[in-house]
>>> print(open('protein-v4.pdb').read())   # PDB, C-alpha atoms
MODEL        1
ATOM      1  CA  MET A   1      -9.170  16.212  -9.340  1.00  0.00           C
ATOM      2  CA  ALA A   2      -6.792  13.377  -8.459  1.00  0.00           C
ATOM      3  CA  ALA A   3      -5.844  12.898  -4.837  1.00  0.00           C
ATOM      4  CA  HIS A   4      -2.282  13.376  -3.636  1.00  0.00           C
ATOM      5  CA  LEU A   5      -0.653  10.018  -2.856  1.00  0.00           C
ATOM      6  CA  ILE A   6       1.924   9.783  -0.060  1.00  0.00           C
ATOM      7  CA  TRP A   7       3.780   6.843   1.510  1.00  0.00           C
ATOM      8  CA  SER A   8       4.346   6.461   5.244  1.00  0.00           C
ATOM      9  CA  ARG A   9       7.874   5.834   6.469  1.00  0.00           C
ATOM     10  CA  VAL A  10       6.883   2.279   7.481  1.00  0.00           C
ATOM     11  CA  ALA A  11       5.480   1.518   4.017  1.00  0.00           C
ATOM     12  CA  GLN A  12       8.573   2.957   2.309  1.00  0.00           C
ATOM     13  CA  GLU A  13      10.911   0.884   4.485  1.00  0.00           C
ATOM     14  CA  TYR A  14       9.004  -2.324   3.895  1.00  0.00           C
ATOM     15  CA  LEU A  15       8.943  -1.718   0.135  1.00  0.00           C
ATOM     16  CA  LYS A  16      12.728  -1.310   0.222  1.00  0.00           C
ATOM     17  CA  GLU A  17      13.033  -4.564   2.187  1.00  0.00           C
ATOM     18  CA  ILE A  18      10.846  -6.444  -0.294  1.00  0.00           C
ATOM     19  CA  ILE A  19      12.778  -5.123  -3.285  1.00  0.00           C
ATOM     20  CA  GLY A  20      16.118  -5.857  -1.614  1.00  0.00           C
ATOM     21  CA  TYR A  21      15.072  -9.409  -0.861  1.00  0.00           C
ATOM     22  CA  ILE A  22      13.937 -10.052  -4.446  1.00  0.00           C
ATOM     23  CA  ARG A  23      17.027  -8.298  -5.865  1.00  0.00           C
ATOM     24  CA  LYS A  24      19.344 -10.825  -4.166  1.00  0.00           C
ATOM     25  CA  ASP A  25      18.120 -13.557  -6.496  1.00  0.00           C
ATOM     26  CA  ASN A  26      16.808 -11.627  -9.477  1.00  0.00           C
ATOM     27  CA  PRO A  27      17.545  -7.905  -9.982  1.00  0.00           C
ATOM     28  CA  SER A  28      15.316  -7.580 -13.046  1.00  0.00           C
ATOM     29  CA  ALA A  29      12.389  -9.210 -11.227  1.00  0.00           C
ATOM     30  CA  ALA A  30      12.879  -6.768  -8.330  1.00  0.00           C
ATOM     31  CA  LYS A  31      12.742  -3.805 -10.700  1.00  0.00           C
ATOM     32  CA  SER A  32       9.658  -5.144 -12.456  1.00  0.00           C
ATOM     33  CA  PHE A  33       7.907  -5.973  -9.189  1.00  0.00           C
ATOM     34  CA  SER A  34       8.479  -2.519  -7.708  1.00  0.00           C
ATOM     35  CA  LYS A  35       7.350  -0.788 -10.915  1.00  0.00           C
ATOM     36  CA  LEU A  36       4.116  -2.792 -11.097  1.00  0.00           C
ATOM     37  CA  LEU A  37       3.358  -2.438  -7.374  1.00  0.00           C
ATOM     38  CA  ILE A  38       3.819   1.328  -7.542  1.00  0.00           C
ATOM     39  CA  GLU A  39       1.659   1.544 -10.671  1.00  0.00           C
ATOM     40  CA  ARG A  40      -1.057  -0.347  -8.789  1.00  0.00           C
ATOM     41  CA  THR A  41      -0.960   2.143  -5.921  1.00  0.00           C
ATOM     42  CA  GLU A  42      -1.007   5.108  -8.305  1.00  0.00           C
ATOM     43  CA  LEU A  43      -4.493   4.038  -9.441  1.00  0.00           C
ATOM     44  CA  LEU A  44      -5.709   5.156  -6.023  1.00  0.00           C
ATOM     45  CA  ALA A  45      -5.133   8.814  -6.907  1.00  0.00           C
ATOM     46  CA  ASP A  46      -8.049   8.630  -9.357  1.00  0.00           C
ATOM     47  CA  PHE A  47     -10.024   5.833  -7.693  1.00  0.00           C
ATOM     48  CA  PRO A  48      -9.498   6.241  -3.922  1.00  0.00           C
ATOM     49  CA  GLU A  49     -12.373   3.987  -2.900  1.00  0.00           C
ATOM     50  CA  MET A  50     -11.423   1.108  -5.202  1.00  0.00           C
ATOM     51  CA  GLY A  51     -10.079  -0.876  -2.245  1.00  0.00           C
ATOM     52  CA  ARG A  52     -12.131  -2.703   0.319  1.00  0.00           C
ATOM     53  CA  VAL A  53     -12.462  -1.555   3.910  1.00  0.00           C
ATOM     54  CA  VAL A  54      -9.827  -3.339   6.006  1.00  0.00           C
ATOM     55  CA  PRO A  55     -11.819  -5.884   8.034  1.00  0.00           C
ATOM     56  CA  GLU A  56      -9.560  -5.564  11.083  1.00  0.00           C
ATOM     57  CA  GLN A  57     -10.292  -1.822  11.273  1.00  0.00           C
ATOM     58  CA  ASP A  58     -13.949  -1.515  10.235  1.00  0.00           C
ATOM     59  CA  ASP A  59     -13.254   2.122   9.338  1.00  0.00           C
ATOM     60  CA  PRO A  60     -14.303   3.305   5.855  1.00  0.00           C
ATOM     61  CA  ARG A  61     -11.217   5.541   5.704  1.00  0.00           C
ATOM     62  CA  VAL A  62      -8.823   2.571   6.098  1.00  0.00           C
ATOM     63  CA  ARG A  63      -8.820   0.454   2.954  1.00  0.00           C
ATOM     64  CA  GLU A  64      -6.674  -2.014   1.085  1.00  0.00           C
ATOM     65  CA  ILE A  65      -5.912  -3.240  -2.378  1.00  0.00           C
ATOM     66  CA  SER A  66      -3.929  -6.323  -3.299  1.00  0.00           C
ATOM     67  CA  TYR A  67      -0.986  -6.863  -5.557  1.00  0.00           C
ATOM     68  CA  ARG A  68       0.109 -10.470  -5.922  1.00  0.00           C
ATOM     69  CA  SER A  69       0.457 -11.733  -2.329  1.00  0.00           C
ATOM     70  CA  TYR A  70       0.688  -8.267  -0.795  1.00  0.00           C
ATOM     71  CA  ARG A  71      -1.924  -6.202   0.973  1.00  0.00           C
ATOM     72  CA  ILE A  72      -1.470  -2.488   0.335  1.00  0.00           C
ATOM     73  CA  VAL A  73      -3.176  -0.676   3.205  1.00  0.00           C
ATOM     74  CA  TYR A  74      -4.037   2.989   2.813  1.00  0.00           C
ATOM     75  CA  ARG A  75      -5.880   5.735   4.649  1.00  0.00           C
ATOM     76  CA  LEU A  76      -8.202   8.243   2.997  1.00  0.00           C
ATOM     77  CA  SER A  77      -8.175  11.894   4.040  1.00  0.00           C
ATOM     78  CA  PRO A  78     -10.812  13.329   1.690  1.00  0.00           C
ATOM     79  CA  ALA A  79     -10.873  16.781   3.312  1.00  0.00           C
ATOM     80  CA  LYS A  80      -7.150  17.134   2.549  1.00  0.00           C
ATOM     81  CA  ASN A  81      -7.391  15.266  -0.787  1.00  0.00           C
ATOM     82  CA  ILE A  82      -4.676  12.873   0.444  1.00  0.00           C
ATOM     83  CA  ILE A  83      -4.264   9.120   0.282  1.00  0.00           C
ATOM     84  CA  GLU A  84      -1.559   7.711   2.540  1.00  0.00           C
ATOM     85  CA  ILE A  85      -0.102   4.276   1.883  1.00  0.00           C
ATOM     86  CA  THR A  86       0.335   3.171   5.484  1.00  0.00           C
ATOM     87  CA  ARG A  87       1.476  -0.453   5.200  1.00  0.00           C
ATOM     88  CA  LEU A  88       2.520  -3.153   2.783  1.00  0.00           C
ATOM     89  CA  TRP A  89       1.954  -6.601   4.125  1.00  0.00           C
ATOM     90  CA  HIS A  90       2.593 -10.068   2.739  1.00  0.00           C
ATOM     91  CA  ALA A  91      -0.543 -12.176   3.177  1.00  0.00           C
ATOM     92  CA  ALA A  92       1.486 -15.065   4.645  1.00  0.00           C
ATOM     93  CA  ARG A  93       2.379 -12.831   7.612  1.00  0.00           C
ATOM     94  CA  GLY A  94      -1.209 -12.818   8.911  1.00  0.00           C
ATOM     95  CA  GLU A  95      -2.959  -9.607   9.883  1.00  0.00           C
ATOM     96  CA  PRO A  96      -1.027  -6.337   9.668  1.00  0.00           C
ATOM     97  CA  GLU A  97      -0.429  -4.160  12.689  1.00  0.00           C
ATOM     98  CA  LEU A  98      -2.175  -0.901  11.881  1.00  0.00           C
ATOM     99  CA  GLU A  99      -2.304   2.498  13.467  1.00  0.00           C
ATOM    100  CA  THR A 100      -5.865   3.345  14.437  1.00  0.00           C
ATOM    101  CA  SER A 101      -5.850   7.049  13.583  1.00  0.00           C
ATOM    102  CA  PRO A 102      -3.743   9.617  11.731  1.00  0.00           C
TER     103      PRO A 102
ENDMDL
END
>>> encode(input="protein-v4.pdb", output="structure tokens")
Amino acid sequence: MAAHLIWSRVAQEYLKEIIGYIRKDNPSAAKSFSKLLIERTELLADFPEMGRVVPEQDDPRVREISYRSYRIVYRLSPAKNIIEITRLWHAARGEPELETSP
């Protein structure tokens, strides 16, 4: 059974910022980018462990996948069958600030 995918408030806000920034110069690119990024995260529902463990956390429940230059950080809650997208982070911004526990 596929896991339930949810987005944290922080991740939702940053996604809106990214899309808004791209939209200023190219509305169609912003739409395409958001669609493809969301499709990438939706793979996690069926393949929750496809991402690597976030090195800064060293916790097997905190993982990440990449899309273009962005790190998509998520937390596994297998007992609840939930995957929470906790952060989106552009690689040029260095290491993301992450919460240590749910």
>>> closest_residue(input="protein-v4.pdb", among="A:Phe47, A:Ala79, A:Ile38, A:Ala3", to="Leu15 of chain A", atoms="all atoms listed in the file")
A:Ile38
>>> atom_distance(input="protein-v4.pdb", atom1="atom CA of Ile82 of chain A", atom2="atom CA of Glu49 of chain A")
12.2 Å
>>> atom_distance(input="protein-v4.pdb", atom1="atom CA of Leu76 of chain A", atom2="atom CA of Tyr21 of chain A")
29.5 Å
>>> resolve_selection(input="protein-v4.pdb", expression="the PyMOL selection byres ((chain A and resi 37) around 10)", output="number ranges by chain")
A: 15, 32-36, 38-42, 66-68, 70, 72
>>> residues_around(input="protein-v4.pdb", residues="Pro60 of chain A", least_positions_apart="3", cutoff="12 Å", atoms="all atoms listed in the file", output="tab-separated table (two decimals) with C-alpha atoms, keeping the file's coordinate frame")
chain	number	residue	atom	x	y	z
A	48	PRO	CA	-9.50	6.24	-3.92
A	49	GLU	CA	-12.37	3.99	-2.90
A	50	MET	CA	-11.42	1.11	-5.20
A	51	GLY	CA	-10.08	-0.88	-2.24
A	52	ARG	CA	-12.13	-2.70	0.32
A	53	VAL	CA	-12.46	-1.56	3.91
A	54	VAL	CA	-9.83	-3.34	6.01
A	55	PRO	CA	-11.82	-5.88	8.03
A	56	GLU	CA	-9.56	-5.56	11.08
A	57	GLN	CA	-10.29	-1.82	11.27
A	63	ARG	CA	-8.82	0.45	2.95
A	64	GLU	CA	-6.67	-2.01	1.08
A	74	TYR	CA	-4.04	2.99	2.81
A	75	ARG	CA	-5.88	5.74	4.65
A	76	LEU	CA	-8.20	8.24	3.00
A	77	SER	CA	-8.18	11.89	4.04
A	78	PRO	CA	-10.81	13.33	1.69
>>> resolve_selection(input="protein-v4.pdb", expression="the PyMOL selection byres ((chain A and resi 12) around 12)", output="PyMOL selection string")
chain A and resi 6-11+13-19+34+38+72+84-89
>>> atom_distance(input="protein-v4.pdb", atom1="atom CA of Pro27 of chain A", atom2="atom CA of Ala92 of chain A")
22.9 Å
>>> resolve_selection(input="protein-v4.pdb", expression="the PyMOL selection byres ((chain A and resi 2) around 7)", output="JSON, numbers by chain")
{"A": [1, 3, 4, 45, 46]}
>>> build_atoms(input="protein-v4.pdb", residues="segment 64-96 of chain A", atoms="N, CA and C atoms", output="PDB file, in the coordinates of the input")
ATOM      1  N   GLU A  64      -7.802  -1.264   1.629  1.00  0.00           N
ATOM      2  CA  GLU A  64      -6.674  -2.014   1.085  1.00  0.00           C
ATOM      3  C   GLU A  64      -6.961  -2.488  -0.320  1.00  0.00           C
ATOM      4  N   ILE A  65      -5.885  -2.590  -1.074  1.00  0.00           N
ATOM      5  CA  ILE A  65      -5.912  -3.240  -2.378  1.00  0.00           C
ATOM      6  C   ILE A  65      -4.856  -4.338  -2.314  1.00  0.00           C
ATOM      7  N   SER A  66      -4.897  -5.223  -3.261  1.00  0.00           N
ATOM      8  CA  SER A  66      -3.929  -6.323  -3.299  1.00  0.00           C
ATOM      9  C   SER A  66      -3.083  -6.228  -4.550  1.00  0.00           C
ATOM     10  N   TYR A  67      -1.858  -6.664  -4.413  1.00  0.00           N
ATOM     11  CA  TYR A  67      -0.986  -6.863  -5.557  1.00  0.00           C
ATOM     12  C   TYR A  67      -0.207  -8.139  -5.288  1.00  0.00           C
ATOM     13  N   ARG A  68      -0.445  -9.128  -6.120  1.00  0.00           N
ATOM     14  CA  ARG A  68       0.109 -10.470  -5.922  1.00  0.00           C
ATOM     15  C   ARG A  68      -0.237 -10.940  -4.518  1.00  0.00           C
ATOM     16  N   SER A  69       0.739 -11.242  -3.684  1.00  0.00           N
ATOM     17  CA  SER A  69       0.457 -11.733  -2.329  1.00  0.00           C
ATOM     18  C   SER A  69       0.514 -10.623  -1.284  1.00  0.00           C
ATOM     19  N   TYR A  70       0.529  -9.388  -1.719  1.00  0.00           N
ATOM     20  CA  TYR A  70       0.688  -8.267  -0.795  1.00  0.00           C
ATOM     21  C   TYR A  70      -0.598  -7.489  -0.609  1.00  0.00           C
ATOM     22  N   ARG A  71      -0.831  -7.108   0.635  1.00  0.00           N
ATOM     23  CA  ARG A  71      -1.924  -6.202   0.973  1.00  0.00           C
ATOM     24  C   ARG A  71      -1.317  -4.801   1.035  1.00  0.00           C
ATOM     25  N   ILE A  72      -1.910  -3.875   0.328  1.00  0.00           N
ATOM     26  CA  ILE A  72      -1.470  -2.488   0.335  1.00  0.00           C
ATOM     27  C   ILE A  72      -2.538  -1.718   1.097  1.00  0.00           C
ATOM     28  N   VAL A  73      -2.213  -1.326   2.319  1.00  0.00           N
ATOM     29  CA  VAL A  73      -3.176  -0.676   3.205  1.00  0.00           C
ATOM     30  C   VAL A  73      -2.990   0.832   3.085  1.00  0.00           C
ATOM     31  N   TYR A  74      -4.111   1.539   2.948  1.00  0.00           N
ATOM     32  CA  TYR A  74      -4.037   2.989   2.813  1.00  0.00           C
ATOM     33  C   TYR A  74      -5.149   3.668   3.593  1.00  0.00           C
ATOM     34  N   ARG A  75      -4.914   4.942   3.888  1.00  0.00           N
ATOM     35  CA  ARG A  75      -5.880   5.735   4.649  1.00  0.00           C
ATOM     36  C   ARG A  75      -6.323   6.913   3.791  1.00  0.00           C
ATOM     37  N   LEU A  76      -7.628   7.114   3.727  1.00  0.00           N
ATOM     38  CA  LEU A  76      -8.202   8.243   2.997  1.00  0.00           C
ATOM     39  C   LEU A  76      -8.312   9.460   3.905  1.00  0.00           C
ATOM     40  N   SER A  77      -7.952  10.603   3.368  1.00  0.00           N
ATOM     41  CA  SER A  77      -8.175  11.894   4.040  1.00  0.00           C
ATOM     42  C   SER A  77      -8.831  12.804   3.015  1.00  0.00           C
ATOM     43  N   PRO A  78     -10.138  12.590   2.759  1.00  0.00           N
ATOM     44  CA  PRO A  78     -10.812  13.329   1.690  1.00  0.00           C
ATOM     45  C   PRO A  78     -10.780  14.848   1.867  1.00  0.00           C
ATOM     46  N   ALA A  79     -10.868  15.330   3.088  1.00  0.00           N
ATOM     47  CA  ALA A  79     -10.873  16.781   3.312  1.00  0.00           C
ATOM     48  C   ALA A  79      -9.550  17.408   2.859  1.00  0.00           C
ATOM     49  N   LYS A  80      -8.471  16.643   2.957  1.00  0.00           N
ATOM     50  CA  LYS A  80      -7.150  17.134   2.549  1.00  0.00           C
ATOM     51  C   LYS A  80      -6.778  16.667   1.145  1.00  0.00           C
ATOM     52  N   ASN A  81      -7.637  15.844   0.535  1.00  0.00           N
ATOM     53  CA  ASN A  81      -7.391  15.266  -0.787  1.00  0.00           C
ATOM     54  C   ASN A  81      -6.083  14.459  -0.793  1.00  0.00           C
ATOM     55  N   ILE A  82      -5.895  13.671   0.272  1.00  0.00           N
ATOM     56  CA  ILE A  82      -4.676  12.873   0.444  1.00  0.00           C
ATOM     57  C   ILE A  82      -5.032  11.401   0.638  1.00  0.00           C
ATOM     58  N   ILE A  83      -4.213  10.558   0.046  1.00  0.00           N
ATOM     59  CA  ILE A  83      -4.264   9.120   0.282  1.00  0.00           C
ATOM     60  C   ILE A  83      -2.880   8.730   0.790  1.00  0.00           C
ATOM     61  N   GLU A  84      -2.833   8.120   1.967  1.00  0.00           N
ATOM     62  CA  GLU A  84      -1.559   7.711   2.540  1.00  0.00           C
ATOM     63  C   GLU A  84      -1.443   6.196   2.516  1.00  0.00           C
ATOM     64  N   ILE A  85      -0.422   5.701   1.837  1.00  0.00           N
ATOM     65  CA  ILE A  85      -0.102   4.276   1.883  1.00  0.00           C
ATOM     66  C   ILE A  85       0.537   4.061   3.253  1.00  0.00           C
ATOM     67  N   THR A  86      -0.147   3.322   4.115  1.00  0.00           N
ATOM     68  CA  THR A  86       0.335   3.171   5.484  1.00  0.00           C
ATOM     69  C   THR A  86       1.137   1.903   5.711  1.00  0.00           C
ATOM     70  N   ARG A  87       0.790   0.827   5.008  1.00  0.00           N
ATOM     71  CA  ARG A  87       1.476  -0.453   5.200  1.00  0.00           C
ATOM     72  C   ARG A  87       1.465  -1.265   3.922  1.00  0.00           C
ATOM     73  N   LEU A  88       2.499  -2.055   3.754  1.00  0.00           N
ATOM     74  CA  LEU A  88       2.520  -3.153   2.783  1.00  0.00           C
ATOM     75  C   LEU A  88       2.658  -4.388   3.637  1.00  0.00           C
ATOM     76  N   TRP A  89       1.958  -5.425   3.268  1.00  0.00           N
ATOM     77  CA  TRP A  89       1.954  -6.601   4.125  1.00  0.00           C
ATOM     78  C   TRP A  89       1.813  -7.847   3.272  1.00  0.00           C
ATOM     79  N   HIS A  90       2.714  -8.798   3.456  1.00  0.00           N
ATOM     80  CA  HIS A  90       2.593 -10.068   2.739  1.00  0.00           C
ATOM     81  C   HIS A  90       1.505 -10.885   3.427  1.00  0.00           C
ATOM     82  N   ALA A  91       0.605 -11.438   2.642  1.00  0.00           N
ATOM     83  CA  ALA A  91      -0.543 -12.176   3.177  1.00  0.00           C
ATOM     84  C   ALA A  91      -0.126 -13.339   4.081  1.00  0.00           C
ATOM     85  N   ALA A  92       1.026 -13.939   3.824  1.00  0.00           N
ATOM     86  CA  ALA A  92       1.486 -15.065   4.645  1.00  0.00           C
ATOM     87  C   ALA A  92       1.859 -14.632   6.062  1.00  0.00           C
ATOM     88  N   ARG A  93       1.991 -13.330   6.287  1.00  0.00           N
ATOM     89  CA  ARG A  93       2.379 -12.831   7.612  1.00  0.00           C
ATOM     90  C   ARG A  93       1.174 -12.611   8.523  1.00  0.00           C
ATOM     91  N   GLY A  94      -0.016 -12.988   8.076  1.00  0.00           N
ATOM     92  CA  GLY A  94      -1.209 -12.818   8.911  1.00  0.00           C
ATOM     93  C   GLY A  94      -1.758 -11.412   8.792  1.00  0.00           C
ATOM     94  N   GLU A  95      -2.352 -10.931   9.890  1.00  0.00           N
ATOM     95  CA  GLU A  95      -2.959  -9.607   9.883  1.00  0.00           C
ATOM     96  C   GLU A  95      -1.925  -8.531  10.168  1.00  0.00           C
ATOM     97  N   PRO A  96      -1.988  -7.414   9.424  1.00  0.00           N
ATOM     98  CA  PRO A  96      -1.027  -6.337   9.668  1.00  0.00           C
ATOM     99  C   PRO A  96      -1.320  -5.583  10.954  1.00  0.00           C
TER     100      PRO A  96
END
